[in-house]
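entry.csv, holding CSV, C-alpha atoms:
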chain,number,residue,atom,x,y,z
A,1,MET,CA,42.1,12.3,-4.6
A,2,ILE,CA,40.2,9.1,-4.1
A,3,HIS,CA,39.7,9.4,-0.4
A,4,ASN,CA,39.1,13.0,0.7
A,5,GLY,CA,37.7,12.8,4.2
A,6,GLY,CA,38.3,13.8,7.7
A,7,GLN,CA,39.2,17.5,7.5
A,8,VAL,CA,37.7,19.3,10.6
A,9,THR,CA,38.2,22.9,11.6
A,10,TYR,CA,36.8,24.8,14.6
A,11,GLU,CA,35.7,28.3,15.4
A,12,ASN,CA,34.5,29.6,18.8
A,13,LYS,CA,31.7,32.2,18.7
A,14,GLY,CA,30.8,33.1,22.3
A,15,ASP,CA,29.1,30.0,23.8
A,16,THR,CA,28.9,28.3,20.4
A,17,LEU,CA,31.5,26.0,19.0
A,18,LEU,CA,31.3,25.9,15.2
A,19,ILE,CA,32.7,22.7,13.7
A,20,ARG,CA,33.2,22.5,10.0
A,21,VAL,CA,33.7,19.1,8.4
A,22,ARG,CA,34.8,18.9,4.7
A,23,GLY,CA,35.2,16.0,2.2
A,24,GLU,CA,33.9,12.5,2.5
A,25,ILE,CA,32.4,10.9,5.6
A,26,ASP,CA,32.4,7.1,5.6
A,27,HIS,CA,33.3,4.5,8.2
A,28,HIS,CA,37.0,5.0,7.5
A,29,SER,CA,37.1,8.8,7.9
A,30,ALA,CA,34.4,8.9,10.7
A,31,ALA,CA,36.9,7.4,13.2
A,32,THR,CA,39.3,10.3,12.8
A,33,VAL,CA,36.6,12.9,12.7
A,34,ARG,CA,34.9,11.5,15.8
A,35,LYS,CA,38.1,11.5,17.8
A,36,SER,CA,39.0,15.1,16.9
A,37,ILE,CA,35.5,16.4,17.6
A,38,ASP,CA,35.1,14.5,20.9
A,39,ASP,CA,38.5,15.8,22.2
A,40,ARG,CA,37.4,19.3,21.5
A,41,ILE,CA,33.9,19.0,22.9
A,42,VAL,CA,35.1,17.2,26.1
A,43,ALA,CA,37.7,19.9,26.7
A,44,GLU,CA,35.4,22.9,26.1
A,45,ARG,CA,31.9,21.6,26.9
A,46,PRO,CA,30.3,24.3,24.7
A,47,GLU,CA,26.7,25.3,25.4
A,48,ARG,CA,25.9,25.1,21.7
A,49,VAL,CA,27.5,23.0,19.0
A,50,LEU,CA,26.9,23.8,15.3
A,51,LEU,CA,28.1,21.0,12.9
A,52,GLU,CA,28.5,22.7,9.5
A,53,LEU,CA,28.3,20.1,6.8
A,54,SER,CA,28.0,22.2,3.6
A,55,ALA,CA,31.3,21.0,2.2
A,56,VAL,CA,30.6,17.3,2.8
A,57,ASP,CA,30.4,15.9,-0.8
A,58,PHE,CA,29.8,12.2,0.3
A,59,MET,CA,28.2,10.7,3.4
A,60,ASP,CA,26.9,7.2,4.0
A,61,SER,CA,25.2,5.8,7.1
A,62,SER,CA,28.5,6.1,9.0
A,63,GLY,CA,27.8,9.8,9.0
A,64,LEU,CA,24.4,9.3,10.7
A,65,GLY,CA,26.2,7.4,13.5
A,66,LEU,CA,28.7,10.3,13.7
A,67,ILE,CA,26.0,12.9,14.1
A,68,MET,CA,23.9,10.9,16.6
A,69,GLY,CA,26.9,10.1,18.7
A,70,ARG,CA,27.9,13.8,19.0
A,71,PHE,CA,24.3,14.7,19.7
A,72,ALA,CA,24.3,12.2,22.6
A,73,LEU,CA,27.7,13.5,23.9
A,74,VAL,CA,26.6,17.1,24.0
A,75,LYS,CA,23.2,16.2,25.5
A,76,GLN,CA,25.0,14.5,28.4
A,77,TYR,CA,26.0,17.8,29.8
A,78,CYS,CA,22.8,19.6,28.7
A,79,GLY,CA,24.3,21.3,25.7
A,80,THR,CA,22.6,21.5,22.3
A,81,LEU,CA,23.8,20.4,18.8
A,82,ALA,CA,22.4,21.4,15.4
A,83,VAL,CA,23.5,20.6,11.9
A,84,LEU,CA,24.2,23.7,9.8
A,85,ASP,CA,23.8,24.0,6.1
A,86,PRO,CA,23.9,20.3,5.2
A,87,SER,CA,25.0,19.5,1.6
A,88,PRO,CA,22.5,17.6,-0.6
A,89,ALA,CA,24.4,14.4,0.0
A,90,VAL,CA,24.0,14.9,3.8
A,91,ILE,CA,20.4,15.9,3.8
A,92,LYS,CA,19.3,13.0,1.6
A,93,ILE,CA,20.6,10.4,4.0
A,94,MET,CA,19.4,12.3,7.1
A,95,LYS,CA,15.9,12.4,5.6
A,96,LEU,CA,16.0,8.7,4.8
A,97,ALA,CA,16.7,8.0,8.5
A,98,GLY,CA,14.2,10.5,9.7
A,99,MET,CA,17.0,12.2,11.6
A,100,GLU,CA,15.6,15.7,11.0
A,101,ARG,CA,13.0,14.9,13.6
A,102,MET,CA,15.7,14.5,16.3
A,103,VAL,CA,18.4,16.9,15.4
A,104,SER,CA,17.8,20.5,14.4
A,105,VAL,CA,18.9,21.5,10.9
A,106,LEU,CA,19.7,25.2,10.3
A,107,ARG,CA,19.9,26.4,6.8
A,108,THR,CA,21.7,29.8,6.9
A,109,LYS,CA,25.0,30.9,8.3
A,110,SER,CA,23.4,34.0,9.7
A,111,LYS,CA,21.8,31.8,12.4
A,112,ILE,CA,25.3,31.4,14.0
A,113,GLU,CA,24.8,34.8,15.6
A,114,GLY,CA,21.3,34.0,16.9
B,115,MET,CA,6.9,-0.7,-3.9
B,116,LYS,CA,9.5,-0.7,-6.6
B,117,ASN,CA,9.0,-3.0,-9.6
B,118,ARG,CA,11.2,-6.0,-9.6
B,119,VAL,CA,14.1,-5.5,-12.1
B,120,ASP,CA,14.5,-8.1,-14.9
B,121,PHE,CA,18.2,-8.8,-14.9
B,122,THR,CA,18.2,-11.4,-17.6
B,123,ALA,CA,19.5,-8.8,-20.0
B,124,ALA,CA,22.7,-9.5,-21.9
B,125,VAL,CA,25.9,-8.3,-20.2
B,126,GLU,CA,27.8,-5.8,-22.3
B,127,ASN,CA,30.7,-5.1,-20.1
B,128,GLU,CA,32.0,-6.6,-16.8
B,129,MET,CA,34.5,-5.9,-14.1
B,130,GLU,CA,35.7,-8.1,-11.3
B,131,TRP,CA,37.7,-6.7,-8.4
B,132,ARG,CA,39.2,-8.2,-5.3
B,133,LEU,CA,40.1,-6.0,-2.3
B,134,PRO,CA,41.2,-6.8,1.2
B,135,SER,CA,38.7,-5.7,3.9
B,136,LEU,CA,40.6,-2.6,5.0
B,137,SER,CA,38.6,0.5,5.8
B,138,VAL,CA,40.8,2.7,3.5
B,139,ASN,CA,39.3,0.6,0.6
B,140,GLU,CA,35.8,1.9,1.2
B,141,GLY,CA,36.5,5.1,-0.7
B,142,ILE,CA,38.5,3.2,-3.3
B,143,ALA,CA,35.8,0.7,-3.9
B,144,ARG,CA,33.0,3.2,-4.4
B,145,ALA,CA,35.2,5.4,-6.6
B,146,GLY,CA,36.3,2.5,-8.8
B,147,VAL,CA,32.8,1.2,-9.3
B,148,ALA,CA,31.5,4.7,-10.1
B,149,LEU,CA,34.3,5.1,-12.6
B,150,PHE,CA,33.4,1.9,-14.4
B,151,CYS,CA,29.7,2.8,-14.4
B,152,ALA,CA,30.5,6.3,-15.7
B,153,GLN,CA,30.8,4.9,-19.3
B,154,LEU,CA,27.0,4.6,-19.3
B,155,ASN,CA,26.8,8.4,-18.7
B,156,PRO,CA,24.6,8.3,-15.6
B,157,THR,CA,23.3,11.4,-14.0
B,158,ALA,CA,25.3,12.9,-11.0
B,159,LEU,CA,22.4,11.8,-8.8
B,160,GLU,CA,22.5,8.2,-10.1
B,161,LEU,CA,26.2,8.0,-9.6
B,162,ALA,CA,25.9,9.4,-6.1
B,163,ASP,CA,23.3,6.7,-5.3
B,164,ILE,CA,25.6,4.0,-6.6
B,165,LYS,CA,28.6,5.2,-4.6
B,166,CYS,CA,26.6,5.4,-1.4
B,167,ALA,CA,25.1,1.9,-1.8
B,168,VAL,CA,28.5,0.4,-2.7
B,169,SER,CA,30.0,2.1,0.4
B,170,GLU,CA,27.4,0.6,2.6
B,171,ALA,CA,27.9,-2.9,1.3
B,172,VAL,CA,31.7,-2.8,1.5
B,173,THR,CA,31.5,-1.3,5.0
B,174,ASN,CA,29.3,-4.2,6.1
B,175,CYS,CA,32.0,-6.6,4.9
B,176,ILE,CA,34.7,-4.7,6.9
B,177,VAL,CA,32.7,-4.0,10.1
B,178,HIS,CA,30.5,-7.2,10.3
B,179,ALA,CA,31.7,-10.0,8.0
B,180,TYR,CA,35.4,-9.8,8.8
B,181,ARG,CA,35.0,-8.0,12.2
B,182,ASP,CA,38.4,-8.6,13.7
B,183,THR,CA,40.2,-10.1,10.7
B,184,VAL,CA,41.1,-9.1,7.1
B,185,GLY,CA,39.5,-11.1,4.3
B,186,GLU,CA,38.7,-10.8,0.7
B,187,ILE,CA,35.9,-8.6,-0.7
B,188,ARG,CA,35.0,-9.5,-4.3
B,189,ILE,CA,33.1,-6.9,-6.3
B,190,THR,CA,31.6,-7.8,-9.7
B,191,VAL,CA,30.0,-5.1,-11.8
B,192,LYS,CA,28.0,-6.0,-14.9
B,193,LEU,CA,26.7,-3.4,-17.3
B,194,CYS,CA,23.7,-4.9,-19.1
B,195,GLU,CA,21.6,-4.2,-22.1
B,196,GLY,CA,19.1,-1.5,-21.5
B,197,ARG,CA,21.2,0.6,-19.1
B,198,LEU,CA,21.0,-1.9,-16.3
B,199,ILE,CA,23.7,-2.2,-13.7
B,200,SER,CA,24.3,-5.2,-11.4
B,201,ILE,CA,26.9,-4.8,-8.6
B,202,GLU,CA,27.6,-7.9,-6.5
B,203,ILE,CA,29.7,-7.5,-3.4
B,204,ARG,CA,30.7,-10.9,-1.9
B,205,ASP,CA,32.6,-11.8,1.2
B,206,ARG,CA,33.6,-15.1,2.9
B,207,GLY,CA,33.1,-13.8,6.4
B,208,CYS,CA,30.8,-14.7,9.3
B,209,GLY,CA,27.5,-14.6,7.4
B,210,ILE,CA,24.2,-13.3,8.6
B,211,ALA,CA,22.0,-15.5,10.8
B,212,ASP,CA,18.8,-13.7,10.1
B,213,VAL,CA,18.8,-11.7,6.9
B,214,LYS,CA,15.3,-10.4,7.3
B,215,GLN,CA,16.1,-9.0,10.7
B,216,ALA,CA,19.4,-7.5,9.4
B,217,ARG,CA,17.5,-5.6,6.7
B,218,GLU,CA,15.2,-3.9,9.2
B,219,PRO,CA,15.9,-0.2,9.5
B,220,LEU,CA,17.9,0.7,12.6
B,221,PHE,CA,18.8,-2.9,13.4
B,222,THR,CA,22.5,-3.3,14.3
B,223,THR,CA,24.7,-5.7,16.1
B,224,ASP,CA,27.3,-3.1,16.7
B,225,ALA,CA,25.7,-0.2,18.6
B,226,GLU,CA,28.9,0.6,20.5
B,227,GLY,CA,30.7,1.2,17.3
B,228,GLU,CA,28.1,4.0,16.5
B,229,ARG,CA,26.6,2.0,13.6
B,230,SER,CA,23.3,3.5,12.7
B,231,GLY,CA,21.7,0.2,11.5
B,232,MET,CA,20.7,2.0,8.2
B,233,GLY,CA,23.1,0.2,5.8
B,234,PHE,CA,20.7,-2.1,4.1
B,235,THR,CA,17.9,0.6,4.1
B,236,VAL,CA,20.3,2.9,2.3
B,237,MET,CA,21.2,0.2,-0.3
B,238,GLU,CA,17.5,-0.6,-0.8
B,239,SER,CA,16.5,3.1,-1.1
B,240,PHE,CA,19.3,4.1,-3.5
B,241,CYS,CA,19.0,1.1,-5.8
B,242,ASP,CA,16.0,-0.4,-7.7
B,243,GLU,CA,16.4,-3.8,-6.0
B,244,LEU,CA,18.6,-5.3,-3.4
B,245,ARG,CA,19.2,-9.1,-3.1
B,246,VAL,CA,21.0,-10.6,-0.1
B,247,SER,CA,22.0,-14.2,0.3
B,248,SER,CA,24.0,-15.4,3.3
B,249,ARG,CA,25.1,-18.5,5.1
B,250,PRO,CA,26.4,-18.3,8.6
B,251,GLY,CA,30.1,-19.2,8.7
B,252,LYS,CA,30.3,-19.1,4.9
B,253,GLY,CA,29.7,-15.5,3.8
B,254,THR,CA,27.3,-13.1,2.3
B,255,ALA,CA,26.6,-11.9,-1.2
B,256,VAL,CA,24.8,-8.6,-1.7
B,257,THR,CA,23.6,-7.7,-5.2
B,258,LEU,CA,22.6,-4.1,-6.0
B,259,LEU,CA,20.5,-3.6,-9.1
B,260,LYS,CA,20.2,-0.2,-10.6
B,261,ARG,CA,18.4,0.9,-13.8
B,262,LEU,CA,19.8,4.2,-15.3
B,263,HIS,CA,17.6,6.8,-17.0
B,264,LYS,CA,17.1,6.3,-20.7
Take the structure in this file and express it as structure tokens.
Amino acid sequence: MIHNGGQVTYENKGDTLLIRVRGEIDHHSAATVRKSIDDRIVAERPERVLLELSAVDFMDSSGLGLIMGRFALVKQYCGTLAVLDPSPAVIKIMKLAGMERMVSVLRTKSKIEG
Amino acid sequence: MKNRVDFTAAVENEMEWRLPSLSVNEGIARAGVALFCAQLNPTALELADIKCAVSEAVTNCIVHAYRDTVGEIRITVKLCEGRLISIEIRDRGCGIADVKQAREPLFTTDAEGERSGMGFTVMESFCDELRVSSRPGKGTAVTLLKRLHK
């Protein structure tokens, strides 16, 4: 498949909303992903959001905007957002933008329980 | 500081592609360019860098150059002697008034659209050299230069 982006799944664990994004994140797919995530966050206002990006095999700077936008949305109601298990493609571009200094990056799935 | 790439090397193979500035073509453009470059047997990392840089350049055409319209994006890929790749992405859109400012990290004219302002920085970081020429009202040409491992 040439364009394989925009698949989002959700799992609630107590006060935490775990959001898994798979496939490719670019400007095209980010619009759909953004709408889906925002609808869910606005409806539930979870205390903690974990954005799991281990299955994202492509991400360009549109993904940075996607992460920062969700970070700002959650912060509006004093929630927290962290990126969980970013794939090599994700972490490379996050590092380039210095985004790790703003958004927490968690490396192991066991931290969901913490 | 990266060394300036000498791109006077002979062209061994060339591809030219014209696509309308539809966002669905972002993935198609980067996949097509990567497929053409794959004949040089690049590493997975080199190919990922090329895809990301192409995606940024094509997205700029769609989001900025042809903001509320659909225009033509012309992509020219040249595979040159010595494992050198030149990728030119050209539009006939609105152009960039101040290229130096546009290349600054985090600069964006579209903050509401959640653009990070990192497009040119990504292109610059993932390639060996980035050339940008633009004329307001006439369009922009971005050339990505990448040297593959020996």
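Pairwise distance (atom CA of Ser54 of chain A, atom CA of Gly69 of chain A) equals 19.4 Å.
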Please report, as JSON lines, each residue of chain B lying at most 7 Å from chain A, together with the nearest pair of atoms and the separation in Å rounded to one decimal; use all atoms listed in the file, and order rows by chain and ascending residue number.
{"residue": "B:Ser137", "atom": "CA", "partner": "A:His28", "partner_atom": "CA", "distance": 5.1}
{"residue": "B:Val138", "atom": "CA", "partner": "A:His28", "partner_atom": "CA", "distance": 6.0}
{"residue": "B:Gly141", "atom": "CA", "partner": "A:His3", "partner_atom": "CA", "distance": 5.4}
{"residue": "B:Ile142", "atom": "CA", "partner": "A:Ile2", "partner_atom": "CA", "distance": 6.2}
{"residue": "B:Ala145", "atom": "CA", "partner": "A:Ile2", "partner_atom": "CA", "distance": 6.7}
{"residue": "B:Cys166", "atom": "CA", "partner": "A:Asp60", "partner_atom": "CA", "distance": 5.7}
{"residue": "B:Ser169", "atom": "CA", "partner": "A:Asp60", "partner_atom": "CA", "distance": 7.0}
{"residue": "B:Glu170", "atom": "CA", "partner": "A:Asp60", "partner_atom": "CA", "distance": 6.8}
{"residue": "B:Thr173", "atom": "CA", "partner": "A:His27", "partner_atom": "CA", "distance": 6.9}
{"residue": "B:Glu228", "atom": "CA", "partner": "A:Gly65", "partner_atom": "CA", "distance": 4.9}
{"residue": "B:Arg229", "atom": "CA", "partner": "A:Gly65", "partner_atom": "CA", "distance": 5.4}
{"residue": "B:Ser230", "atom": "CA", "partner": "A:Gly65", "partner_atom": "CA", "distance": 4.9}
{"residue": "B:Met232", "atom": "CA", "partner": "A:Ser61", "partner_atom": "CA", "distance": 6.0}
{"residue": "B:Gly233", "atom": "CA", "partner": "A:Ser61", "partner_atom": "CA", "distance": 6.1}
Segment 154-160 of chain B surroundings by all atoms listed in the file, 8 Å radius, close-in-sequence under 2 positions cut, as a PyMOL selection string: chain B and resi 151-152+162-164+197+262-263
Exercise: segment 71-79 of chain A partners within 8 Å, all atoms listed in the file, chain neighbours under 2 positions left out, as a ChimeraX atom specification: /A:41,45-49,67-69,81,103
Nearest to Cys208 of chain B by atom-to-atom distance, counting all atoms listed in the file, from B:Met129, B:Leu244, B:Val184, B:Leu258: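 Checking each candidate against Cys208 of chain B, we get B:Val184 as the closest.
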Given all atoms listed in the file as the counted atoms, nearest of B:Val246, B:Leu136, B:Leu259, B:Val236 to Arg181 of chain B: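 Smallest distance to Arg181 of chain B is found for B:Leu136.
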Spatial sel., origin (26.3, -15.9, 9.7), limit 9 Å, only C-alpha atoms, listed as a PyMOL selection string: chain B and resi 179+207-212+248-254
Could you save those same residues with C-alpha atoms as a JSON list (two decimals), keeping the file's coordinate frame?
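Listed below is the output, selection.json:
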[["chain", "number", "residue", "atom", "x", "y", "z"],
["B", 179, "ALA", "CA", 31.70, -10.00, 8.00],
["B", 207, "GLY", "CA", 33.10, -13.80, 6.40],
["B", 208, "CYS", "CA", 30.80, -14.70, 9.30],
["B", 209, "GLY", "CA", 27.50, -14.60, 7.40],
["B", 210, "ILE", "CA", 24.20, -13.30, 8.60],
["B", 211, "ALA", "CA", 22.00, -15.50, 10.80],
["B", 212, "ASP", "CA", 18.80, -13.70, 10.10],
["B", 248, "SER", "CA", 24.00, -15.40, 3.30],
["B", 249, "ARG", "CA", 25.10, -18.50, 5.10],
["B", 250, "PRO", "CA", 26.40, -18.30, 8.60],
["B", 251, "GLY", "CA", 30.10, -19.20, 8.70],
["B", 252, "LYS", "CA", 30.30, -19.10, 4.90],
["B", 253, "GLY", "CA", 29.70, -15.50, 3.80],
["B", 254, "THR", "CA", 27.30, -13.10, 2.30]]
Interatomic distance (Å, one decimal) between atom CA of Ala55 of chain A and atom CA of Arg20 of chain A: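 It comes out at 8.2 Å.
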Two-atom distance - atom CA of Ala143 of chain B, atom CA of Val83 of chain A (Å):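 Value for the atom CA of Ala143 of chain B-atom CA of Val83 of chain A distance: 28.2 Å.
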